[in-house]
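K.L.:
Pasting in a structure now, in structure tokens, and then I'll have a few things to ask.
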Amino acid sequence: MRKILAGLSLTVLALSLAACGGDAVAADSVYANVGAKVGISMPTKESARWIADGNAMVAQFKAMGYQAELQYANNDKALQNQQVDKMIGNGDQLLLIAAVDGGAMNDVLAKAASKKIPVIAYDRLLTGTKNVDYQATFDNTRVGALQGQFIIDRLNLTKKDDKTYNVELFAGSATDINAKYFYDGAKPLLMPYIRSGKIKIRSGETAFKKVATNLYDAKVAQARMARILNDDYKTERVDAVLSPYDGMTIGIIKALKAAGYGTADKPLPITTGQDSETPSVKSIIADEQTQSIFKDTRELAKVAVEQANAILTGSKPMTNAEVKNGVKDVPTYYLYPVQITKNNYKTLLVDSGYVTEDDLKV
């Protein structure tokens, strides 16, 4: 699915960002295409990370002398297409898009290309189109691998014994190609244990289409978990749940607690997550959710802004990979996710300034 290019590293990222001057890519406006207008299209405000991402990019673009137009699509792909079309009509000179549905924007992207407006895919790949120029994202296969390995380690699955464990699998939205990357990162690690019978999937649901969760919706995940518990766990208990995203994990935990989990006699299972959202970090501290993946979106925003600035000033944007989108290999910059647990959240989140101690107070 991807080809990592040699010669680039996080050191290059640090040097490149430093060359732009300052901690928020606050380059002197002399380096920028002063007054150029950038359109930023984010998928939703339901997740705090998209709000933070959008605001960070607006601030950084403005510090560099650009204008920035920020829109949120309320997880509505038709609305997002309308908003991006309007940005094109408004004279935006570059588009930066985190898609609701990465395969549903081909017509509006073709319109942008006809007007020679470059496009950067932000965090989520734009698929089935030649009209995407660059991408800034995280190594999302690694996200899934970290989640899958966490379950293996916590259940001690490599131990040679006769114990078996009940695990249920959840995936993200089928409209987001990243959801497939997450699942494809985790499932191959778990499959040897599923085949050997060490892991039992009592629901029988393992195919991506079966375990996908529309729009990463917490209520959808909660309802599916409740159904599985009712149908398949009347006399058994769940030992672990693979969940790709914190918001879904919160919903899954609600279903588990409603079924009597979360007591000394019936502890909550191991659960994974992603984005290190404040409610989930609180949940981790409270010994409910077990793990999350931290993707420092401050750094992602810096990379995307630097890519945009390079395009608008006639330079070559930073990349360290190529990702196939079904039509072309999209030049991409990958950042690397890390795992958050109760043991390290303070160092990685609080000490780095990503959140404050006050943010995590109950």
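Labeling convention for the structure tokens: chains A, B, ... as they appear, residues from 1 per chain, ligands from 1 in order of appearance.
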DSSP on the backbone: what in segment 8-243 of chain A comes out alpha helix (DSSP H), as an MDAnalysis selection string?
P.N.:
chainID A and resid 10:19 48:63 77:89 106:114 140:154 177:196 208:211 218:232
K.L.:
As an MDAnalysis selection string, please: the residues near Val355 of chain A (cut-off 10 Å, only C-alpha atoms, same-chain neighbours under 2 positions excluded).
P.N.:
chainID A and resid 276:278 281 345:346 348:353 357:360
K.L.:
Restrict the selected residues to N, CA and C atoms and save them as a PDB file, in the first residue's frame.
P.N.:
```pdb
ATOM      1  N   SER A 276      -6.201  10.044  22.125  1.00  0.00           N
ATOM      2  CA  SER A 276      -5.935  10.567  23.463  1.00  0.00           C
ATOM      3  C   SER A 276      -6.815  11.773  23.774  1.00  0.00           C
ATOM      4  N   GLU A 277      -8.108  11.633  23.476  1.00  0.00           N
ATOM      5  CA  GLU A 277      -9.062  12.694  23.782  1.00  0.00           C
ATOM      6  C   GLU A 277      -9.257  12.781  25.292  1.00  0.00           C
ATOM      7  N   THR A 278      -9.535  13.973  25.769  1.00  0.00           N
ATOM      8  CA  THR A 278      -9.587  14.207  27.208  1.00  0.00           C
ATOM      9  C   THR A 278     -10.524  13.253  27.951  1.00  0.00           C
ATOM     10  N   VAL A 281      -8.665   9.985  28.262  1.00  0.00           N
ATOM     11  CA  VAL A 281      -7.525  10.044  29.184  1.00  0.00           C
ATOM     12  C   VAL A 281      -8.027  10.000  30.626  1.00  0.00           C
ATOM     13  N   TYR A 345       0.886   8.690  30.586  1.00  0.00           N
ATOM     14  CA  TYR A 345       0.097   9.808  30.056  1.00  0.00           C
ATOM     15  C   TYR A 345       0.638  11.157  30.514  1.00  0.00           C
ATOM     16  N   LYS A 346       1.134  11.203  31.751  1.00  0.00           N
ATOM     17  CA  LYS A 346       1.590  12.498  32.281  1.00  0.00           C
ATOM     18  C   LYS A 346       2.808  12.995  31.504  1.00  0.00           C
ATOM     19  N   LEU A 348       3.819  12.140  28.418  1.00  0.00           N
ATOM     20  CA  LEU A 348       3.584  12.385  26.994  1.00  0.00           C
ATOM     21  C   LEU A 348       2.535  13.456  26.722  1.00  0.00           C
ATOM     22  N   LEU A 349       1.573  13.594  27.598  1.00  0.00           N
ATOM     23  CA  LEU A 349       0.481  14.534  27.341  1.00  0.00           C
ATOM     24  C   LEU A 349       0.583  15.813  28.165  1.00  0.00           C
ATOM     25  N   VAL A 350       0.780  15.662  29.467  1.00  0.00           N
ATOM     26  CA  VAL A 350       0.788  16.844  30.346  1.00  0.00           C
ATOM     27  C   VAL A 350       2.109  17.578  30.247  1.00  0.00           C
ATOM     28  N   ASP A 351       3.209  16.846  30.410  1.00  0.00           N
ATOM     29  CA  ASP A 351       4.521  17.505  30.397  1.00  0.00           C
ATOM     30  C   ASP A 351       4.842  18.129  29.041  1.00  0.00           C
ATOM     31  N   SER A 352       4.246  17.591  27.969  1.00  0.00           N
ATOM     32  CA  SER A 352       4.480  18.151  26.628  1.00  0.00           C
ATOM     33  C   SER A 352       3.578  19.348  26.333  1.00  0.00           C
ATOM     34  N   GLY A 353       2.605  19.627  27.233  1.00  0.00           N
ATOM     35  CA  GLY A 353       1.699  20.742  27.026  1.00  0.00           C
ATOM     36  C   GLY A 353       0.504  20.427  26.160  1.00  0.00           C
ATOM     37  N   GLU A 357      -3.074  19.585  33.620  1.00  0.00           N
ATOM     38  CA  GLU A 357      -3.617  18.824  34.748  1.00  0.00           C
ATOM     39  C   GLU A 357      -5.072  19.216  35.000  1.00  0.00           C
ATOM     40  N   ASP A 358      -5.370  20.502  34.833  1.00  0.00           N
ATOM     41  CA  ASP A 358      -6.750  20.959  35.044  1.00  0.00           C
ATOM     42  C   ASP A 358      -7.709  20.315  34.036  1.00  0.00           C
ATOM     43  N   ASP A 359      -7.233  20.120  32.789  1.00  0.00           N
ATOM     44  CA  ASP A 359      -8.081  19.480  31.773  1.00  0.00           C
ATOM     45  C   ASP A 359      -8.508  18.084  32.215  1.00  0.00           C
ATOM     46  N   LEU A 360      -7.678  17.439  33.001  1.00  0.00           N
ATOM     47  CA  LEU A 360      -7.909  16.038  33.363  1.00  0.00           C
ATOM     48  C   LEU A 360      -8.577  15.865  34.721  1.00  0.00           C
TER      49      LEU A 360
END
```
K.L.:
Given the choices A:Ala104, A:Leu95, A:Ala59, A:Ile250, which gets closest to Glu288 of chain A if the distance is worked out from only C-alpha atoms?
P.N.:
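Looking at the shortest contact to Glu288 of chain A, the residue is A:Ile250.
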K.L.:
One number please: atom CA of Met57 of chain A to atom CA of Ser114 of chain A, in Å, one decimal.
P.N.:
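Between these atoms lies a distance of 25.5 Å.
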K.L.:
Neighbouring residues of Gln147 of chain A were defined as those with any atom within 12 Å, considering only C-alpha atoms; residues of the same chain fewer than 6 positions away were excluded. Please report them as JSON, numbers by chain.
P.N.:
{"A": [140, 141, 153, 154, 169, 170, 171, 182, 183, 184, 185, 186, 187, 188, 189, 190, 240, 241, 242, 243, 244, 245, 246, 270, 271, 272, 273, 274, 290, 291, 292, 293, 294, 337, 338, 339, 340, 341]}
K.L.:
Please, could you write that set of residues out with C-alpha atoms as a PDB file, in the first residue's frame?
P.N.:
```
ATOM      1  CA  ASN A 140      -1.971   4.539  10.501  1.00  0.00           C
ATOM      2  CA  THR A 141      -1.004   0.911   9.956  1.00  0.00           C
ATOM      3  CA  ASP A 153       0.893  -8.250  25.628  1.00  0.00           C
ATOM      4  CA  ARG A 154      -1.825  -7.576  28.187  1.00  0.00           C
ATOM      5  CA  LEU A 169     -13.125  -6.554  17.163  1.00  0.00           C
ATOM      6  CA  PHE A 170     -14.286  -3.087  16.130  1.00  0.00           C
ATOM      7  CA  ALA A 171     -13.158  -1.018  13.154  1.00  0.00           C
ATOM      8  CA  PHE A 182      -5.916   0.650  11.474  1.00  0.00           C
ATOM      9  CA  TYR A 183      -7.649  -2.714  11.113  1.00  0.00           C
ATOM     10  CA  ASP A 184      -5.017  -4.097   8.751  1.00  0.00           C
ATOM     11  CA  GLY A 185      -2.366  -3.144  11.285  1.00  0.00           C
ATOM     12  CA  ALA A 186      -4.031  -4.970  14.171  1.00  0.00           C
ATOM     13  CA  LYS A 187      -5.740  -8.011  12.658  1.00  0.00           C
ATOM     14  CA  PRO A 188      -2.664  -9.816  11.228  1.00  0.00           C
ATOM     15  CA  LEU A 189      -1.068  -9.716  14.691  1.00  0.00           C
ATOM     16  CA  LEU A 190      -4.159 -11.240  16.289  1.00  0.00           C
ATOM     17  CA  ALA A 240     -10.494  -7.557  25.454  1.00  0.00           C
ATOM     18  CA  VAL A 241     -12.034  -5.264  22.850  1.00  0.00           C
ATOM     19  CA  LEU A 242     -10.086  -3.882  19.906  1.00  0.00           C
ATOM     20  CA  SER A 243     -11.398  -0.371  19.263  1.00  0.00           C
ATOM     21  CA  PRO A 244      -9.670   2.040  16.877  1.00  0.00           C
ATOM     22  CA  TYR A 245     -10.906   5.344  18.340  1.00  0.00           C
ATOM     23  CA  ASP A 246     -11.463   6.833  21.799  1.00  0.00           C
ATOM     24  CA  ILE A 270      -8.828  -4.508  28.114  1.00  0.00           C
ATOM     25  CA  THR A 271      -9.793  -1.775  25.650  1.00  0.00           C
ATOM     26  CA  THR A 272      -7.802   0.174  23.085  1.00  0.00           C
ATOM     27  CA  GLY A 273      -8.397   3.603  21.561  1.00  0.00           C
ATOM     28  CA  GLN A 274      -6.882   6.447  19.580  1.00  0.00           C
ATOM     29  CA  THR A 290      -6.894   0.766  29.166  1.00  0.00           C
ATOM     30  CA  GLN A 291      -4.977   2.335  26.301  1.00  0.00           C
ATOM     31  CA  SER A 292      -5.039   5.067  23.663  1.00  0.00           C
ATOM     32  CA  ILE A 293      -2.814   6.081  20.778  1.00  0.00           C
ATOM     33  CA  PHE A 294      -1.361   9.577  20.914  1.00  0.00           C
ATOM     34  CA  PRO A 337       2.072   7.536  16.771  1.00  0.00           C
ATOM     35  CA  VAL A 338       2.872   6.457  20.330  1.00  0.00           C
ATOM     36  CA  GLN A 339       0.961   4.509  22.948  1.00  0.00           C
ATOM     37  CA  ILE A 340      -0.667   6.098  26.017  1.00  0.00           C
ATOM     38  CA  THR A 341      -1.452   4.218  29.216  1.00  0.00           C
TER      39      THR A 341
END
```
K.L.:
Just how far from atom CA of Tyr261 of chain A is atom CA of Lys160 of chain A, in Å to one decimal?
P.N.:
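Pair atom CA of Lys160 of chain A / atom CA of Tyr261 of chain A returns 28.0 Å.
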K.L.:
Enter the distance from atom CA of Asn309 of chain A to atom CA of Val100 of chain A, in Å, rounded to one decimal.
P.N.:
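Value for the atom CA of Asn309 of chain A-atom CA of Val100 of chain A distance: 24.3 Å.
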K.L.:
Quick one: of A:Ala226, A:Val362, A:Ala308, A:Met191, who's nearest to Ala286 of chain A, counting only C-alpha atoms?
P.N.:
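Ranking A:Ala226, A:Val362, A:Ala308, A:Met191 by distance to Ala286 of chain A, first place goes to A:Val362.
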